[in-house]
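**Q** One file: input_1.cif (mmCIF, C-alpha atoms and all ligand atoms).
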```cif
data_query
#
loop_
_atom_site.label_atom_id
_atom_site.label_comp_id
_atom_site.auth_asym_id
_atom_site.auth_seq_id
_atom_site.Cartn_x
_atom_site.Cartn_y
_atom_site.Cartn_z
CA MET A 17 108.78 73.65 113.71
CA ALA A 18 105.95 76.20 113.90
CA ILE A 19 103.02 75.24 116.12
CA VAL A 20 99.68 77.01 115.95
CA ARG A 21 97.00 76.07 118.48
CA VAL A 22 93.31 76.07 117.59
CA ALA A 23 91.79 76.89 120.98
CA LEU A 24 88.38 75.21 121.25
CA ASP A 25 88.18 73.90 124.84
CA SER A 26 88.04 70.10 124.79
CA ARG A 27 88.23 70.14 120.97
CA SER A 28 91.50 72.12 120.86
CA TYR A 29 94.29 70.88 118.63
CA ASP A 30 97.68 71.80 117.22
CA ILE A 31 98.70 72.60 113.67
CA LEU A 32 102.33 71.56 113.14
CA ILE A 33 104.16 73.12 110.17
CA GLU A 34 107.62 71.94 109.16
CA GLN A 35 109.44 71.29 105.91
CA GLY A 36 109.97 67.51 105.58
CA VAL A 37 107.73 66.57 108.53
CA LEU A 38 105.95 63.91 106.43
CA ASP A 39 109.19 61.88 106.50
CA ARG A 40 109.12 62.14 110.30
CA ALA A 41 105.37 61.66 110.62
CA ALA A 42 105.80 58.67 112.95
CA THR A 43 107.20 61.01 115.62
CA HIS A 44 103.87 62.82 115.69
CA LEU A 45 101.51 59.94 114.94
CA ALA A 46 102.96 57.10 117.03
CA GLY A 47 101.16 58.37 120.15
CA TYR A 48 97.81 58.03 118.38
CA ALA A 49 98.80 54.60 117.04
CA ARG A 50 99.53 53.38 120.59
CA LYS A 51 95.89 54.16 121.51
CA GLY A 52 94.40 52.54 118.40
CA ARG A 53 95.00 51.99 114.71
CA LEU A 54 95.80 54.42 111.92
CA VAL A 55 94.02 54.22 108.58
CA VAL A 56 95.20 56.63 105.88
CA VAL A 57 92.68 57.80 103.30
CA THR A 58 94.04 59.47 100.19
CA ASP A 59 93.44 59.85 96.46
CA ARG A 60 95.30 58.20 93.59
CA HIS A 61 97.45 61.25 92.76
CA VAL A 62 98.56 61.71 96.35
CA ALA A 63 98.97 57.96 96.84
CA ALA A 64 101.53 58.03 94.03
CA ALA A 65 103.26 61.27 95.04
CA GLN A 66 103.25 61.38 98.86
CA LEU A 67 101.82 58.24 100.50
CA PRO A 68 105.14 56.31 100.27
CA ARG A 69 106.83 58.98 102.42
CA LEU A 70 104.20 58.65 105.17
CA GLU A 71 104.21 54.85 105.01
CA ALA A 72 108.02 54.67 105.12
CA SER A 73 108.14 56.83 108.24
CA LEU A 74 105.49 54.74 110.01
CA ARG A 75 107.03 51.43 108.91
CA ALA A 76 110.45 52.49 110.20
CA ALA A 77 108.83 53.12 113.60
CA ASN A 78 106.98 49.79 113.51
CA VAL A 79 103.62 51.54 113.34
CA ALA A 80 101.08 49.52 111.40
CA VAL A 81 99.11 51.47 108.83
CA GLU A 82 96.43 50.66 106.30
CA ALA A 83 95.47 52.80 103.34
CA VAL A 84 92.25 53.44 101.43
CA VAL A 85 92.81 55.05 98.01
CA LEU A 86 89.97 56.95 96.32
CA PRO A 87 89.71 58.57 92.88
CA PRO A 88 90.99 62.17 92.65
CA GLY A 89 88.72 65.12 91.91
CA GLU A 90 85.72 67.04 93.24
CA GLN A 91 83.31 64.22 92.25
CA THR A 92 84.84 62.16 95.07
CA LYS A 93 83.01 64.45 97.54
CA SER A 94 79.83 62.52 96.78
CA TRP A 95 77.32 60.16 98.41
CA ARG A 96 78.77 57.33 96.32
CA HIS A 97 82.33 57.77 97.52
CA LEU A 98 81.21 58.54 101.08
CA GLU A 99 79.46 55.17 101.13
CA GLU A 100 82.48 53.48 99.56
CA LEU A 101 84.76 55.04 102.17
CA LEU A 102 82.50 54.18 105.12
CA ASP A 103 82.20 50.58 103.89
CA ALA A 104 85.99 50.33 103.50
CA LEU A 105 86.56 51.69 107.01
CA LEU A 106 83.92 49.35 108.47
CA ALA A 107 85.50 46.41 106.60
CA LEU A 108 88.76 47.31 108.35
CA GLU A 109 86.76 47.09 111.61
CA ILE A 110 87.69 50.60 112.58
CA GLU A 111 86.85 51.50 116.17
CA ARG A 112 86.03 54.84 117.74
CA GLY A 113 89.48 55.09 119.35
CA ASP A 114 91.24 54.65 116.00
CA HIS A 115 92.41 57.59 113.86
CA VAL A 116 91.59 58.13 110.22
CA VAL A 117 94.32 60.17 108.53
CA ALA A 118 93.21 62.40 105.62
CA LEU A 119 96.26 62.68 103.34
CA GLY A 120 95.40 64.96 100.42
CA GLY A 121 93.78 68.19 99.34
CA GLY A 122 90.48 69.74 100.35
CA VAL A 123 88.48 67.01 98.65
CA ILE A 124 89.98 64.24 100.77
CA GLY A 125 90.00 66.41 103.91
CA ASP A 126 86.32 67.38 103.57
CA LEU A 127 85.18 63.84 102.73
CA VAL A 128 87.24 62.08 105.41
CA GLY A 129 86.25 64.65 108.04
CA PHE A 130 82.58 64.06 107.26
CA ALA A 131 82.99 60.27 107.24
CA ALA A 132 84.81 60.45 110.60
CA SER A 133 82.04 62.60 112.05
CA ILE A 134 79.35 59.97 111.34
CA LEU A 135 81.28 56.70 111.50
CA LYS A 136 80.19 54.92 114.67
CA ARG A 137 78.76 58.31 115.74
CA GLY A 138 82.20 59.90 115.52
CA CYS A 139 85.75 58.62 115.38
CA HIS A 140 89.00 60.61 115.43
CA PHE A 141 90.68 62.04 112.39
CA ILE A 142 93.94 63.79 111.53
CA GLN A 143 94.52 66.17 108.65
CA VAL A 144 97.71 65.87 106.59
CA PRO A 145 96.99 68.43 103.85
CA THR A 146 98.99 68.24 100.62
CA THR A 147 97.65 71.18 98.57
CA LEU A 148 98.32 74.82 99.40
CA LEU A 149 94.55 75.40 99.62
CA ALA A 150 94.21 72.62 102.19
CA GLN A 151 97.33 73.72 104.11
CA VAL A 152 96.15 77.31 104.54
CA ASP A 153 92.41 76.82 104.75
CA SER A 154 90.38 73.62 104.48
CA SER A 155 92.35 71.40 106.89
CA VAL A 156 91.78 73.87 109.73
CA GLY A 157 88.49 74.70 111.39
CA GLY A 158 86.45 71.52 111.09
CA LYS A 159 84.13 72.27 108.18
CA THR A 160 83.48 68.92 106.52
CA ALA A 161 81.16 68.18 103.60
CA ILE A 162 80.16 66.33 100.50
CA ASN A 163 78.31 67.77 97.51
CA ALA A 164 74.64 67.06 96.77
CA LYS A 165 72.63 67.25 93.55
CA ALA A 166 71.34 70.63 94.71
CA GLY A 167 74.82 72.10 95.17
CA LYS A 168 78.32 72.01 96.62
CA ASN A 169 79.03 71.33 100.30
CA LEU A 170 75.33 71.06 101.15
CA VAL A 171 75.68 67.95 103.33
CA GLY A 172 78.25 68.11 106.10
CA SER A 173 79.16 68.81 109.69
CA PHE A 174 81.43 70.81 111.94
CA TYR A 175 83.91 68.24 113.20
CA GLN A 176 87.40 69.15 114.38
CA PRO A 177 90.47 67.01 113.69
CA SER A 178 92.81 65.85 116.49
CA LEU A 179 95.89 67.24 114.74
CA VAL A 180 96.91 69.00 111.51
CA LEU A 181 100.34 68.05 110.19
CA ILE A 182 101.61 70.31 107.41
CA ASP A 183 104.67 69.55 105.31
CA PRO A 184 105.17 72.35 102.76
CA SER A 185 107.49 70.07 100.76
CA THR A 186 104.43 68.09 99.63
CA LEU A 187 103.76 71.07 97.35
CA ASP A 188 106.81 70.06 95.28
CA THR A 189 104.66 67.50 93.44
CA LEU A 190 101.50 69.64 93.22
CA PRO A 191 100.78 71.06 89.74
CA ALA A 192 101.70 74.78 89.59
CA ARG A 193 98.14 75.73 88.66
CA GLU A 194 96.81 74.08 91.86
CA THR A 195 99.42 75.91 93.96
CA ARG A 196 98.43 79.21 92.37
CA ALA A 197 94.74 78.50 93.05
CA GLY A 198 95.56 77.81 96.73
CA TYR A 199 97.53 81.05 96.86
CA ALA A 200 94.26 82.95 96.38
CA GLU A 201 93.26 81.78 99.89
CA VAL A 202 96.59 83.11 101.25
CA VAL A 203 95.91 86.53 99.72
CA LYS A 204 92.42 86.35 101.23
CA TYR A 205 93.78 86.57 104.81
CA GLY A 206 95.57 89.83 103.94
CA LEU A 207 92.46 91.26 102.36
CA ILE A 208 90.20 90.31 105.28
CA ASP A 209 92.01 92.11 108.10
CA ASP A 210 95.78 92.10 107.64
CA PRO A 211 96.96 94.78 105.19
CA ALA A 212 100.63 94.18 106.14
CA PHE A 213 100.24 90.54 105.05
CA PHE A 214 98.71 91.64 101.75
CA ALA A 215 101.75 93.91 101.25
CA TRP A 216 103.96 90.86 102.00
CA CYS A 217 102.05 88.94 99.31
CA GLU A 218 102.64 91.75 96.81
CA ALA A 219 106.36 91.75 97.58
CA GLU A 220 107.08 88.07 98.29
CA GLY A 221 104.16 86.03 96.93
CA HIS A 222 106.14 85.18 93.80
CA ARG A 223 108.80 83.49 96.01
CA LEU A 224 106.14 81.26 97.56
CA LEU A 225 104.82 80.37 94.12
CA SER A 226 108.28 79.49 92.85
CA GLY A 227 108.79 77.06 95.74
CA ASP A 228 110.87 79.06 98.22
CA VAL A 229 110.81 77.07 101.48
CA GLN A 230 110.87 80.04 103.88
CA ALA A 231 108.18 81.92 101.94
CA ARG A 232 105.95 78.85 101.96
CA GLU A 233 106.41 78.22 105.70
CA TYR A 234 105.85 81.90 106.54
CA ALA A 235 102.68 82.18 104.46
CA ILE A 236 101.23 78.91 105.75
CA GLU A 237 101.92 79.79 109.38
CA ARG A 238 100.50 83.29 109.07
CA SER A 239 97.43 81.99 107.23
CA VAL A 240 96.60 79.21 109.68
CA ALA A 241 97.23 81.53 112.64
CA ALA A 242 94.66 83.92 111.15
CA LYS A 243 92.20 81.10 110.53
CA ALA A 244 92.76 79.54 113.98
CA ALA A 245 91.96 82.86 115.67
CA ILE A 246 88.74 83.26 113.68
CA VAL A 247 87.64 79.65 114.28
CA ALA A 248 88.37 79.91 118.02
CA ASP A 249 86.15 82.99 118.11
CA ASP A 250 83.27 81.72 115.93
CA GLU A 251 83.57 77.98 115.37
CA ARG A 252 80.10 77.51 113.86
CA GLU A 253 79.84 80.75 111.91
CA THR A 254 77.19 82.20 114.18
CA SER A 255 78.61 85.62 115.13
CA GLY A 256 79.53 86.67 111.59
CA ARG A 257 83.33 86.63 112.18
CA ARG A 258 83.91 83.26 110.50
CA ALA A 259 81.77 84.41 107.56
CA LEU A 260 84.64 86.83 106.71
CA LEU A 261 86.55 83.74 105.47
CA ASN A 262 84.04 83.61 102.62
CA LEU A 263 85.46 86.78 101.03
CA GLY A 264 85.17 86.37 97.26
CA HIS A 265 83.12 83.20 97.61
CA THR A 266 79.65 84.56 96.65
CA PHE A 267 80.95 85.99 93.37
CA GLY A 268 83.34 83.04 93.03
CA HIS A 269 80.62 80.46 93.55
CA ALA A 270 78.52 82.01 90.75
CA LEU A 271 81.56 81.88 88.44
CA GLU A 272 82.23 78.25 89.41
CA ALA A 273 78.56 77.40 88.78
CA ASP A 274 78.68 79.06 85.36
CA THR A 275 81.77 77.06 84.43
CA GLY A 276 80.07 73.88 85.65
CA PHE A 277 82.43 73.35 88.64
CA SER A 278 84.85 72.05 86.03
CA ASP A 279 88.60 72.25 85.47
CA LEU A 280 87.94 75.46 83.53
CA LEU A 281 87.91 77.27 86.89
CA LEU A 282 89.36 75.73 90.05
CA HIS A 283 87.82 76.69 93.41
CA GLY A 284 90.75 78.96 94.36
CA GLU A 285 90.67 80.58 90.93
CA GLY A 286 86.98 81.37 91.42
CA VAL A 287 87.81 82.85 94.83
CA ALA A 288 90.56 85.00 93.25
CA ALA A 289 88.23 86.46 90.61
CA GLY A 290 85.50 86.73 93.26
CA MET A 291 87.74 88.79 95.58
CA ALA A 292 88.71 91.15 92.74
CA LEU A 293 85.01 91.57 91.87
CA ALA A 294 84.06 92.14 95.54
CA PHE A 295 86.68 94.92 95.79
CA ARG A 296 85.68 96.54 92.49
CA TYR A 297 82.00 96.35 93.46
CA SER A 298 82.85 97.94 96.83
CA ALA A 299 84.74 100.71 94.99
CA ARG A 300 81.79 101.25 92.62
CA ARG A 301 79.52 101.71 95.65
CA GLY A 302 81.94 104.29 97.05
CA LEU A 303 82.75 102.07 100.04
CA CYS A 304 86.38 101.38 99.19
CA PRO A 305 89.11 103.52 97.56
CA ALA A 306 89.46 102.69 93.84
CA GLU A 307 93.25 102.39 94.34
CA ASP A 308 92.73 99.49 96.78
CA ALA A 309 90.54 97.64 94.28
CA GLU A 310 93.19 98.29 91.62
CA ARG A 311 95.95 96.92 93.90
CA VAL A 312 93.98 93.71 94.51
CA THR A 313 93.28 93.25 90.81
CA ALA A 314 96.88 94.03 89.85
CA HIS A 315 98.36 91.51 92.30
CA LEU A 316 96.06 88.66 91.27
CA LYS A 317 96.79 89.43 87.62
CA ALA A 318 100.55 89.60 88.28
CA VAL A 319 100.61 86.06 89.71
CA GLY A 320 98.47 84.71 86.87
CA LEU A 321 95.17 84.28 88.75
CA PRO A 322 91.77 85.12 87.23
CA HIS A 323 90.72 88.64 88.20
CA ASP A 324 87.64 89.32 86.03
CA LEU A 325 84.90 87.47 84.15
CA ALA A 326 86.93 86.97 80.97
CA SER A 327 90.04 85.60 82.74
CA ALA A 328 87.71 83.28 84.72
CA HIS A 329 86.34 81.92 81.40
CA VAL A 330 82.84 83.08 82.34
CA LYS A 331 80.49 83.81 79.45
CA ALA A 332 77.21 84.47 81.31
CA ASP A 333 75.80 87.95 81.80
CA GLY A 334 75.17 89.60 85.16
CA ALA A 335 71.56 88.40 85.43
CA ALA A 336 72.53 84.77 84.86
CA LEU A 337 75.35 84.98 87.40
CA VAL A 338 73.05 86.54 89.99
CA ALA A 339 70.58 83.70 89.34
CA HIS A 340 73.34 81.29 90.46
CA MET A 341 73.79 83.37 93.62
CA LEU A 342 70.13 82.81 94.54
CA HIS A 343 71.00 79.16 95.20
CA ASP A 344 73.78 80.13 97.62
CA LYS A 345 73.42 78.34 100.95
CA LYS A 346 74.02 81.65 102.74
CA MET A 347 70.76 83.02 101.33
CA ALA A 348 68.47 83.79 104.30
CA ALA A 349 64.96 85.29 104.30
CA GLY A 350 65.34 86.38 100.68
CA THR A 351 68.60 88.31 101.18
CA LEU A 352 72.13 87.27 100.45
CA PRO A 353 74.81 88.61 102.79
CA PHE A 354 77.82 89.85 100.80
CA LEU A 355 81.38 90.38 101.91
CA LEU A 356 82.44 93.84 100.82
CA ALA A 357 85.45 95.98 101.72
CA ARG A 358 86.16 99.46 103.03
CA GLY A 359 89.76 98.94 101.93
CA ILE A 360 92.52 96.33 101.95
CA GLY A 361 92.29 94.55 105.31
CA GLN A 362 88.83 95.99 106.02
CA THR A 363 86.34 93.36 104.89
CA PHE A 364 82.83 93.48 106.33
CA LEU A 365 79.54 91.64 105.95
CA SER A 366 76.89 93.68 104.16
CA LYS A 367 73.22 92.73 104.24
CA ASP A 368 71.93 95.53 102.02
CA VAL A 369 73.21 94.39 98.65
CA VAL A 370 70.59 94.59 95.88
CA LEU A 371 71.12 91.70 93.49
CA ASP A 372 69.95 93.72 90.44
CA ASP A 373 72.71 96.20 91.24
CA VAL A 374 75.24 93.36 91.37
CA ALA A 375 74.01 92.14 87.97
CA ALA A 376 74.42 95.63 86.49
CA PHE A 377 77.90 95.91 88.02
CA LEU A 378 78.98 92.57 86.53
CA ASP A 379 77.90 93.69 83.04
CA GLU A 380 79.63 97.07 83.45
CA ASP A 381 82.76 95.39 84.80
CA ARG A 382 82.94 93.12 81.76
CA MET A 383 82.52 96.11 79.43
CA ALA A 384 85.18 98.11 81.30
CA ALA A 385 87.65 95.21 81.03
CA GLY A 386 87.07 95.27 77.24
P1 LIG B 401 91.82 68.65 95.57
O1 LIG B 401 91.73 68.02 96.88
O2 LIG B 401 90.93 68.17 94.49
O3 LIG B 401 93.32 68.57 95.05
C1 LIG B 401 93.65 69.13 93.81
C2 LIG B 401 94.38 68.11 92.92
O4 LIG B 401 95.72 67.97 93.37
C3 LIG B 401 93.78 66.71 92.94
O5 LIG B 401 93.91 66.16 91.65
C4 LIG B 401 94.71 65.95 93.90
O6 LIG B 401 94.74 64.58 93.62
C5 LIG B 401 96.02 66.59 93.61
N1 LIG B 401 97.01 66.61 94.70
C6 LIG B 401 96.79 66.93 95.98
N2 LIG B 401 97.95 67.02 96.64
C7 LIG B 401 98.92 66.71 95.75
C8 LIG B 401 100.33 66.66 95.84
N3 LIG B 401 100.99 67.01 96.95
N4 LIG B 401 101.01 66.27 94.75
C9 LIG B 401 100.36 65.98 93.58
N5 LIG B 401 99.03 66.06 93.43
C10 LIG B 401 98.32 66.43 94.51
O7 LIG B 401 91.56 70.24 95.65
P2 LIG B 401 91.84 71.35 96.75
O8 LIG B 401 91.97 72.60 96.00
O9 LIG B 401 92.89 70.98 97.72
O10 LIG B 401 90.48 71.37 97.59
C11 LIG B 401 89.27 71.80 97.01
C12 LIG B 401 88.13 71.39 97.91
O11 LIG B 401 88.31 71.99 99.18
C13 LIG B 401 86.76 71.81 97.42
O12 LIG B 401 85.90 70.70 97.48
C14 LIG B 401 86.32 72.88 98.41
O13 LIG B 401 84.92 72.89 98.60
C15 LIG B 401 87.04 72.43 99.65
N6 LIG B 401 87.28 73.50 100.64
C16 LIG B 401 86.94 73.24 101.93
C17 LIG B 401 87.15 74.20 102.90
C18 LIG B 401 86.84 73.88 104.33
O14 LIG B 401 86.93 74.80 105.17
N7 LIG B 401 86.52 72.67 104.67
C19 LIG B 401 87.76 75.43 102.56
C20 LIG B 401 88.10 75.64 101.23
C21 LIG B 401 87.86 74.69 100.28
N1 LIG B 402 86.80 78.22 104.35
C1 LIG B 402 85.78 78.86 105.10
C2 LIG B 402 85.70 78.39 106.51
O1 LIG B 402 86.43 77.53 106.93
O2 LIG B 402 84.90 78.88 107.25
#
```
Before anything else, please render the file you have as structure tokens.
**A**
Amino acid sequence: MAIVRVALDSRSYDILIEQGVLDRAATHLAGYARKGRLVVVTDRHVAAAQLPRLEASLRAANVAVEAVVLPPGEQTKSWRHLEELLDALLALEIERGDHVVALGGGVIGDLVGFAASILKRGCHFIQVPTTLLAQVDSSVGGKTAINAKAGKNLVGSFYQPSLVLIDPSTLDTLPARETRAGYAEVVKYGLIDDPAFFAWCEAEGHRLLSGDVQAREYAIERSVAAKAAIVADDERETSGRRALLNLGHTFGHALEADTGFSDLLLHGEGVAAGMALAFRYSARRGLCPAEDAERVTAHLKAVGLPHDLASAHVKADGAALVAHMLHDKKMAAGTLPFLLARGIGQTFLSKDVVLDDVAAFLDEDRMAAG
């Protein structure tokens, strides 16, 4: 078993990564159950595919468990489902010493984390992520949120889990497209500050995507170790270090907005195209070697991820995409900080990006792609 510690003083916790650990979950959860109750929150897809494994392990160890099952999909990160979840947890008479277990992807993790942070002014929660995106990114670091009418993730909190339990075998039932979308976040860690890991992705990423156990475990461990170090250094995104995790997100968010946050473009797919655009924009500004931008584009294309506006199904022109960026929650005092790159593994936060220039680049980039 690989163990990665997120070092945050009294809020420190472990991330445990092991193939098949969901079938042995009781070993890791029984201690929490002795101090209180466990309530699992999941969505219908995960309830069908993975909940029986968790329940069987707990039942075999005589650990009582209750489950709340919500609808799948991004719309579950809403006021309506937050209220439904809080009411369900209150009906179960949950107490502050109990643990809510988020079994699912980023939607369940973000919603449950937020609910736990406000329920009775804060009760404990445990992340058991079941998508690659959640295993390498959203289950770690304590960002929790729901979406509001005005935009995605606009209502939330920083609230750390007590434990993250990762079983890569849960990916066996995840649709291939979802796994590929999560893989964009794996590539992201290489692009931020670990060129050797990006080279590993180029050479071995296809093994991860085809279900190789060692490749999955290696990529998950390396990704969460990278995220844990960043979170330990800048938990609340105040020093600028944690902001590096948003590589590709400003472009990606505009693409997601243009496609209506629909199934046309999954979050990770938007991040993939966004990272390729960030590198090509950096190259256009003379900040980054063109070969590096080409390597990034080529790898994303090779694994079947969107890497430009057309492959992201985006029809809008540069001006319309930049208009979406103006609603970004990172916008401050009229400027939007952008993550650009000096090369692979050399991402930095730039505050001098002119949005008209970005709009012109997006139009040129579409023309160049044909
Ligand atoms: P998701 O939670 O919607 O899961 C994707 C789909 O896969 C859903 O239909 C789900 O039911 C299904 N599923 C999940 N696990 C499965 C499994 N093992 N087998 C079969 N089906 C399974 O999507 P996601 O990509 O995991 O998460 C996206 C969300 O994460 C977004 O809301 C995004 O804002 C958020 N996010 C949060 C952070 C953070 O730091 N908190 C970081 C990145 C993304
Ligand atoms: N996924 C971005 C962050 O956790 O900060």
**Q** Between CA of Asn169 in chain A and CA of His115 in chain A, what distance in Å does the model show, to one decimal?
**A**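 Computing the Euclidean distance for CA of Asn169 in chain A and CA of His115 in chain A yields 23.5 Å.
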**Q** Is there a way to get, as an NGL selection string, all residues within 7 Å of the point (97.4, 68.4, 115.3) in file coordinates, counting all atoms listed in the file?
**A** :A and (29-32 or 142 or 178-181)
**Q** Please identify the residues whose atoms come within 9 Å of ligand LIG 402 (chain B), using all atoms listed in the file, and report them as a list in words.
**A**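 After applying the 9 Å limit, what remains is Asp153, Ser154, Ser155, Val156, Gly157, Gly158, Lys159, Glu201, Lys243, Ile246, Val247, Glu251, Arg252, Glu253, Arg258, Ala259, Leu260, Leu261, Asn262 and Leu263 of chain A.
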**Q** Got time to write the residues from that selection, C-alpha atoms, as a compact mmCIF listing (two decimals), in the frame of the given file?
**A**
```
# COMPACT_ATOMS: atom_id res chain seq x y z
CA ASP A 153 92.41 76.82 104.75
CA SER A 154 90.38 73.62 104.48
CA SER A 155 92.35 71.40 106.89
CA VAL A 156 91.78 73.87 109.73
CA GLY A 157 88.49 74.70 111.39
CA GLY A 158 86.45 71.52 111.09
CA LYS A 159 84.13 72.27 108.18
CA GLU A 201 93.26 81.78 99.89
CA LYS A 243 92.20 81.10 110.53
CA ILE A 246 88.74 83.26 113.68
CA VAL A 247 87.64 79.65 114.28
CA GLU A 251 83.57 77.98 115.37
CA ARG A 252 80.10 77.51 113.86
CA GLU A 253 79.84 80.75 111.91
CA ARG A 258 83.91 83.26 110.50
CA ALA A 259 81.77 84.41 107.56
CA LEU A 260 84.64 86.83 106.71
CA LEU A 261 86.55 83.74 105.47
CA ASN A 262 84.04 83.61 102.62
CA LEU A 263 85.46 86.78 101.03
```
**Q** Please, which residues in chain A fall within 6 Å of ligand LIG 401 (chain B) when counting only C-alpha atoms and all ligand atoms, and what is the closest atom pair and distance in Å to one decimal for each, ordered by chain then residue number, as a tab-separated table?
**A**
```
residue	atom	partner	partner_atom	distance
A:Asp59	CA	B:LIG401	O6	5.7
A:His61	CA	B:LIG401	O6	4.4
A:Val62	CA	B:LIG401	C7	5.0
A:Ala65	CA	B:LIG401	N4	5.5
A:Pro88	CA	B:LIG401	O6	4.6
A:Gly89	CA	B:LIG401	O2	4.6
A:Glu90	CA	B:LIG401	O2	5.5
A:Gly120	CA	B:LIG401	N2	5.0
A:Gly121	CA	B:LIG401	O1	3.2
A:Gly122	CA	B:LIG401	O10	3.2
A:Val123	CA	B:LIG401	O1	3.8
A:Ile124	CA	B:LIG401	O1	5.7
A:Asp126	CA	B:LIG401	N7	5.4
A:Thr146	CA	B:LIG401	N2	4.3
A:Thr147	CA	B:LIG401	N2	4.6
A:Leu149	CA	B:LIG401	O9	5.1
A:Ala150	CA	B:LIG401	O9	4.9
A:Asp153	CA	B:LIG401	C19	5.3
A:Ser154	CA	B:LIG401	C18	3.6
A:Lys159	CA	B:LIG401	N7	4.3
A:Thr160	CA	B:LIG401	N7	5.2
A:Thr186	CA	B:LIG401	N3	4.5
A:Leu187	CA	B:LIG401	N3	4.9
A:Thr189	CA	B:LIG401	N4	4.1
A:Leu190	CA	B:LIG401	N4	3.7
```
**Q** List every protein, DNA or RNA residue with an atom no more than 10 Å from (92.0, 82.1, 117.0) in the file's coordinates, counting only C-alpha atoms, and format the result as a ChimeraX atom specification.
**A** /A:20-24,157,240-251
**Q** Hey, can you check how far CA of Ala289 in chain A sits from CA of Ile236 in chain A?
**A**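 For CA of Ala289 in chain A relative to CA of Ile236 in chain A, the distance reads 21.3 Å.
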**Q** Give the answer as one residue: which of A:Ala76, A:Leu45, A:Val312, A:Leu119 has the shortest atom-to-atom distance to Arg60 in chain A, using all atoms listed in the file?
**A**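 The answer is A:Leu119, which sits nearest to Arg60 in chain A.
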**Q** Measuring between all atoms listed in the file, which one of A:His97, A:His269, A:Lys317, A:Arg40 shows the shortest distance to His222 in chain A?
**A** A:Lys317
**Q** Compile the contact shell of Cys304 in chain A as a list of chain:residue names: residues with an atom at most 7 Å away, counting all atoms listed in the file, same-chain residues fewer than 3 positions apart removed.
**A**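 Non-adjacent residues within range: A:Ser298, A:Ala299, A:Ala357, A:Arg358, A:Gly359.
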**Q** Distance CA of Ala164 in chain A-CA of Lys346 in chain A, one decimal place?
**A** 15.8 Å
**Q** Given all atoms listed in the file as the basis, pick out the residue of A:Ser185, A:Ser327, A:Ser173, A:Gln35 nearest to Met17 in chain A.
**A**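 So, comparing all the options, the nearest one is A:Gln35.
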**Q** Output as a CSV table (one decimal), in the coordinates of the input: range 171-182 of chain A, completed with N, CA and C atoms.
**A**
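File produced: result-v7.csv:
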```
chain,number,residue,atom,x,y,z
A,171,VAL,N,75.9,69.0,102.3
A,171,VAL,CA,75.7,68.0,103.3
A,171,VAL,C,77.0,67.8,104.1
A,172,GLY,N,77.0,68.2,105.4
A,172,GLY,CA,78.2,68.1,106.1
A,172,GLY,C,78.1,68.4,107.6
A,173,SER,N,79.2,68.6,108.2
A,173,SER,CA,79.2,68.8,109.7
A,173,SER,C,80.3,69.7,110.1
A,174,PHE,N,80.2,70.2,111.3
A,174,PHE,CA,81.4,70.8,111.9
A,174,PHE,C,82.1,69.7,112.8
A,175,TYR,N,83.3,69.3,112.5
A,175,TYR,CA,83.9,68.2,113.2
A,175,TYR,C,85.4,68.5,113.2
A,176,GLN,N,86.0,68.8,114.3
A,176,GLN,CA,87.4,69.2,114.4
A,176,GLN,C,88.3,67.9,114.4
A,177,PRO,N,89.5,68.1,113.7
A,177,PRO,CA,90.5,67.0,113.7
A,177,PRO,C,91.2,67.0,115.0
A,178,SER,N,92.0,65.9,115.3
A,178,SER,CA,92.8,65.8,116.5
A,178,SER,C,94.1,66.6,116.3
A,179,LEU,N,94.6,66.7,115.0
A,179,LEU,CA,95.9,67.2,114.7
A,179,LEU,C,95.9,67.6,113.3
A,180,VAL,N,96.7,68.7,112.9
A,180,VAL,CA,96.9,69.0,111.5
A,180,VAL,C,98.4,69.0,111.3
A,181,LEU,N,98.9,68.2,110.4
A,181,LEU,CA,100.3,68.0,110.2
A,181,LEU,C,100.6,68.6,108.8
A,182,ILE,N,101.4,69.7,108.7
A,182,ILE,CA,101.6,70.3,107.4
A,182,ILE,C,103.1,70.3,107.0
```
